[in-house]
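Okay, so here's the structure we're looking at.
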Amino acid sequence: MLFESIKMSWENIVHNKLRSFLTMLGIVIGVASIIALITIVQGATNSISDQVNSLGVNKIMVTAMGTPLKQGLTDEDIQNIARVSNIDGVSPTISGKTSVVYTGNVLENVTVQGKNEVYFKTDTSLIKSGRAINILDTNSKNQVAVIGDDIVQELFYGKDPVGEKLMMNGTTYTIIGTLATSSSFGMTSNNNTVIIPYTTALRSLGIKSVVSLDVFLVDTNKADETVAKIKSVLKAAFNYNDDAYSVYNMGDMIDSFQTMMSMMSLLLAGIAAISLVVGGIGIMNMMLVSITERTTEIGLRKALGATPNRIQLQFIIESIFLSIIGGLIGLVLGGLIAYVAASLIGIGFYVSVSTILLAVGFSAAVGIVFGYMPARKASRLNPIDALRSF
């Protein structure tokens, strides 16, 4: 009986191609929306998470704008922070914009960052070729530079830039290394950046003090205790003016960010699921129309001995077929949309098994739920009333 019901349901879908297509269309759109949205958001989330995580869960960020009497951090302040227990190293950051000149070619609005050897020691993947800034460069205020991938492509295409010289702010710098290509979709891209020793940057950019400092921890479990000690040093440095500085624990910020992105993914999935419900209503409407069109067929089958349960089973199977086929088409369509979008945006593309199961399973459930009422109505038709319409 089950095999015959499946066969008859499939034959009815095949023989009414246009009606079947219109019935499935809502499910196709719903599943494609879920797959595309969840996949794109997940790819974006992973890319941003990688960028945020690259900032380091073992890092504390100190921003010290200072007071009218004292602006920024002095070398003595930085050394006092470095002597706090549980600190593995400190990396000052000096930032600015300038033009870069090489053999008559000029690049405008290039980011210049002043760093020290600690910055490179904490992330060995930063350097693509050559070497990083070392402690000798920092202490001697050497005029050396590490350049990003965009600058390599613009000024040194097809040529090894290590050992070449470029000019910034009237000063000549020797290129000692190149930076690994970083994602263009993120807040920490170094592609259009020149990194020089921070001591050199203070002089080159005309800056008198450090306002940004990265502090790297030995043990992240002692982060709160270390933050408290750093704040004590800063209070003393700025005469107990708490408005002169800010201290951020990156571990806490990363946890908050990941929680926020998870909530956003669930929200978007819920919005996409609404289209599936709309598609389910479309299935129900089309099935009710189908029952009206097939009233005579149902009456004949009942008159020949078909039970109400068998009639109901056929219509439910028909509804499930339409939902699953629509779900599979939507899965492929949504995957293609997500792939194209990920390629254009520059994020990773990955469709998880759980997303596939969610979309296809939800579409099958929609077929059962919204197919039940039309199937029940068909099974309760009076065969005499049905045959009268013949």
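Ligands are numbered from 1 in the order shown, chains are lettered A, B, ... in the order of the structure tokens, and residues start at 1 in each chain.
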
> Which neighbours of range 130-141 of chain A fall inside 6 Å, counting only C-alpha atoms, when residues of the same chain fewer than 4 positions from it are skipped, and could you give them as a list in words?
Replying inline: Glu117, Ile176, Gly177, Pro197, Thr199 and Thr200 of chain A

Residue selection dump (C-alpha atoms) as a PDB file, in the first residue's frame:
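Output saved as result-v1.pdb:
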ATOM      1  CA  GLU A 117      60.558  43.679  18.422  1.00  0.00           C
ATOM      2  CA  ILE A 176      64.399  44.738   5.701  1.00  0.00           C
ATOM      3  CA  GLY A 177      61.293  42.581   5.255  1.00  0.00           C
ATOM      4  CA  PRO A 197      60.800  51.079  14.821  1.00  0.00           C
ATOM      5  CA  THR A 199      61.486  55.127  18.367  1.00  0.00           C
ATOM      6  CA  THR A 200      62.149  56.151  14.763  1.00  0.00           C
TER       7      THR A 200
END

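Proximity to range 76-80 of chain A at 8 Å, evaluated using only C-alpha atoms and with sequence-adjacent residues fewer than 3 positions away removed, yields Leu73, Arg83, Val84, Val90, Val233, Leu234 and Ala237 of chain A.
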
>> Can you pull out every residue from range 102-310 of chain A that DSSP, working from the backbone, puts in strand (DSSP E or B), and format the result as a ChimeraX atom specification?
In response: /A:102,105-115,127-130,144-147,165-168,171-179,193-197,210,212-217,246-249

> Would you give me, as an NGL selection string, the residues in range 20-89 of chain A that DSSP reads as alpha helix (DSSP H)?
Replying inline: :A and (20-54 or 75-82)

Would you output that residue set with C-alpha atoms, as a PDB file, in the first residue's frame?
ATOM      1  CA  SER A  20       4.284  21.346  -8.714  1.00  0.00           C
ATOM      2  CA  PHE A  21       6.896  23.997  -9.559  1.00  0.00           C
ATOM      3  CA  LEU A  22       4.767  26.832  -8.199  1.00  0.00           C
ATOM      4  CA  THR A  23       4.082  24.798  -5.067  1.00  0.00           C
ATOM      5  CA  MET A  24       7.808  24.156  -4.490  1.00  0.00           C
ATOM      6  CA  LEU A  25       8.867  27.727  -5.245  1.00  0.00           C
ATOM      7  CA  GLY A  26       8.221  28.993  -1.719  1.00  0.00           C
ATOM      8  CA  ILE A  27      10.259  26.150  -0.220  1.00  0.00           C
ATOM      9  CA  VAL A  28      13.096  26.738  -2.715  1.00  0.00           C
ATOM     10  CA  ILE A  29      13.264  30.419  -1.767  1.00  0.00           C
ATOM     11  CA  GLY A  30      13.042  29.632   1.947  1.00  0.00           C
ATOM     12  CA  VAL A  31      15.774  26.986   1.988  1.00  0.00           C
ATOM     13  CA  ALA A  32      18.018  29.025  -0.335  1.00  0.00           C
ATOM     14  CA  SER A  33      17.616  32.007   2.027  1.00  0.00           C
ATOM     15  CA  ILE A  34      18.535  29.945   5.077  1.00  0.00           C
ATOM     16  CA  ILE A  35      21.562  28.322   3.427  1.00  0.00           C
ATOM     17  CA  ALA A  36      22.825  31.570   1.884  1.00  0.00           C
ATOM     18  CA  LEU A  37      22.315  33.747   4.970  1.00  0.00           C
ATOM     19  CA  ILE A  38      23.713  31.299   7.504  1.00  0.00           C
ATOM     20  CA  THR A  39      26.690  30.417   5.295  1.00  0.00           C
ATOM     21  CA  ILE A  40      27.557  34.040   4.500  1.00  0.00           C
ATOM     22  CA  VAL A  41      27.162  35.121   8.126  1.00  0.00           C
ATOM     23  CA  GLN A  42      29.204  32.142   9.324  1.00  0.00           C
ATOM     24  CA  GLY A  43      31.949  32.907   6.815  1.00  0.00           C
ATOM     25  CA  ALA A  44      31.972  36.562   7.821  1.00  0.00           C
ATOM     26  CA  THR A  45      31.926  35.609  11.492  1.00  0.00           C
ATOM     27  CA  ASN A  46      34.855  33.224  11.055  1.00  0.00           C
ATOM     28  CA  SER A  47      36.855  35.830   9.134  1.00  0.00           C
ATOM     29  CA  ILE A  48      36.181  38.535  11.706  1.00  0.00           C
ATOM     30  CA  SER A  49      36.803  36.084  14.552  1.00  0.00           C
ATOM     31  CA  ASP A  50      40.179  35.183  13.043  1.00  0.00           C
ATOM     32  CA  GLN A  51      40.987  38.875  12.834  1.00  0.00           C
ATOM     33  CA  VAL A  52      39.847  39.516  16.407  1.00  0.00           C
ATOM     34  CA  ASN A  53      41.606  36.420  17.712  1.00  0.00           C
ATOM     35  CA  SER A  54      44.768  37.561  15.946  1.00  0.00           C
ATOM     36  CA  ASP A  75      59.674  55.638  28.201  1.00  0.00           C
ATOM     37  CA  GLU A  76      59.768  55.503  32.008  1.00  0.00           C
ATOM     38  CA  ASP A  77      56.022  54.761  32.143  1.00  0.00           C
ATOM     39  CA  ILE A  78      56.426  51.999  29.575  1.00  0.00           C
ATOM     40  CA  GLN A  79      59.273  50.446  31.545  1.00  0.00           C
ATOM     41  CA  ASN A  80      57.227  50.580  34.757  1.00  0.00           C
ATOM     42  CA  ILE A  81      54.389  48.707  33.045  1.00  0.00           C
ATOM     43  CA  ALA A  82      56.847  46.156  31.603  1.00  0.00           C
TER      44      ALA A  82
END

>> With only C-alpha atoms as the counted atoms, please give the residues lying no more than 8 Å from Ile6 in chain A, apart from itself and same-chain residues fewer than 4 positions off, as a ChimeraX atom specification.
In response: /A:2,10,314,317-318

>> Taking only C-alpha atoms into account, name the residue in A:Lys97, A:Thr355, A:Gly104, A:Ser209 that is nearest to Asn169 in chain A.
In response: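 Residue with the minimum atom-to-atom distance to Asn169 in chain A: A:Lys97.
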
> Looking at only C-alpha atoms, which of A:Val215, A:Ile13, A:Val351, A:Gly96 is the one that sits closest to Ile337 in chain A?
Replying inline: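 Counting only C-alpha atoms, the residue closest to Ile337 in chain A is A:Val351.
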
> Hey, can you check how far CA of Leu107 in chain A sits from CA of Ser189 in chain A?
Replying inline: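 It comes out at 17.3 Å.
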
>> For Val118 in chain A, find every residue with an atom within 7 Å (counting only C-alpha atoms), except residues of its own chain fewer than 4 positions away, and show them as a ChimeraX atom specification.
In response: /A:89-91,122

With N, CA and C atoms kept, could you save the residues just selected as a compact mmCIF listing (two decimals), in the first residue's frame?
# COMPACT_ATOMS: atom_id res chain seq x y z
N GLY A 89 55.77 41.00 27.68
CA GLY A 89 56.38 42.04 26.87
C GLY A 89 55.39 43.14 26.58
N VAL A 90 55.90 44.31 26.20
CA VAL A 90 55.04 45.44 25.84
C VAL A 90 55.44 45.93 24.46
N SER A 91 54.44 46.35 23.69
CA SER A 91 54.70 46.82 22.33
C SER A 91 53.98 48.15 22.11
N THR A 122 55.57 38.06 19.15
CA THR A 122 54.32 37.43 19.58
C THR A 122 53.54 36.81 18.43

> Near Ile283 in chain A, counting only C-alpha atoms, which residues have an atom at most 8 Å away, once you skip same-chain residues fewer than 3 positions from it, shown as number ranges by chain?
Replying inline: A: 23-24, 26, 279-280, 286-287, 319, 367, 370-371

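Remark: for Ile151 in chain A, the closest of the candidate residues A:Tyr102, A:Tyr119, A:Tyr173, A:Phe238 is A:Tyr102 (distances computed over only C-alpha atoms).
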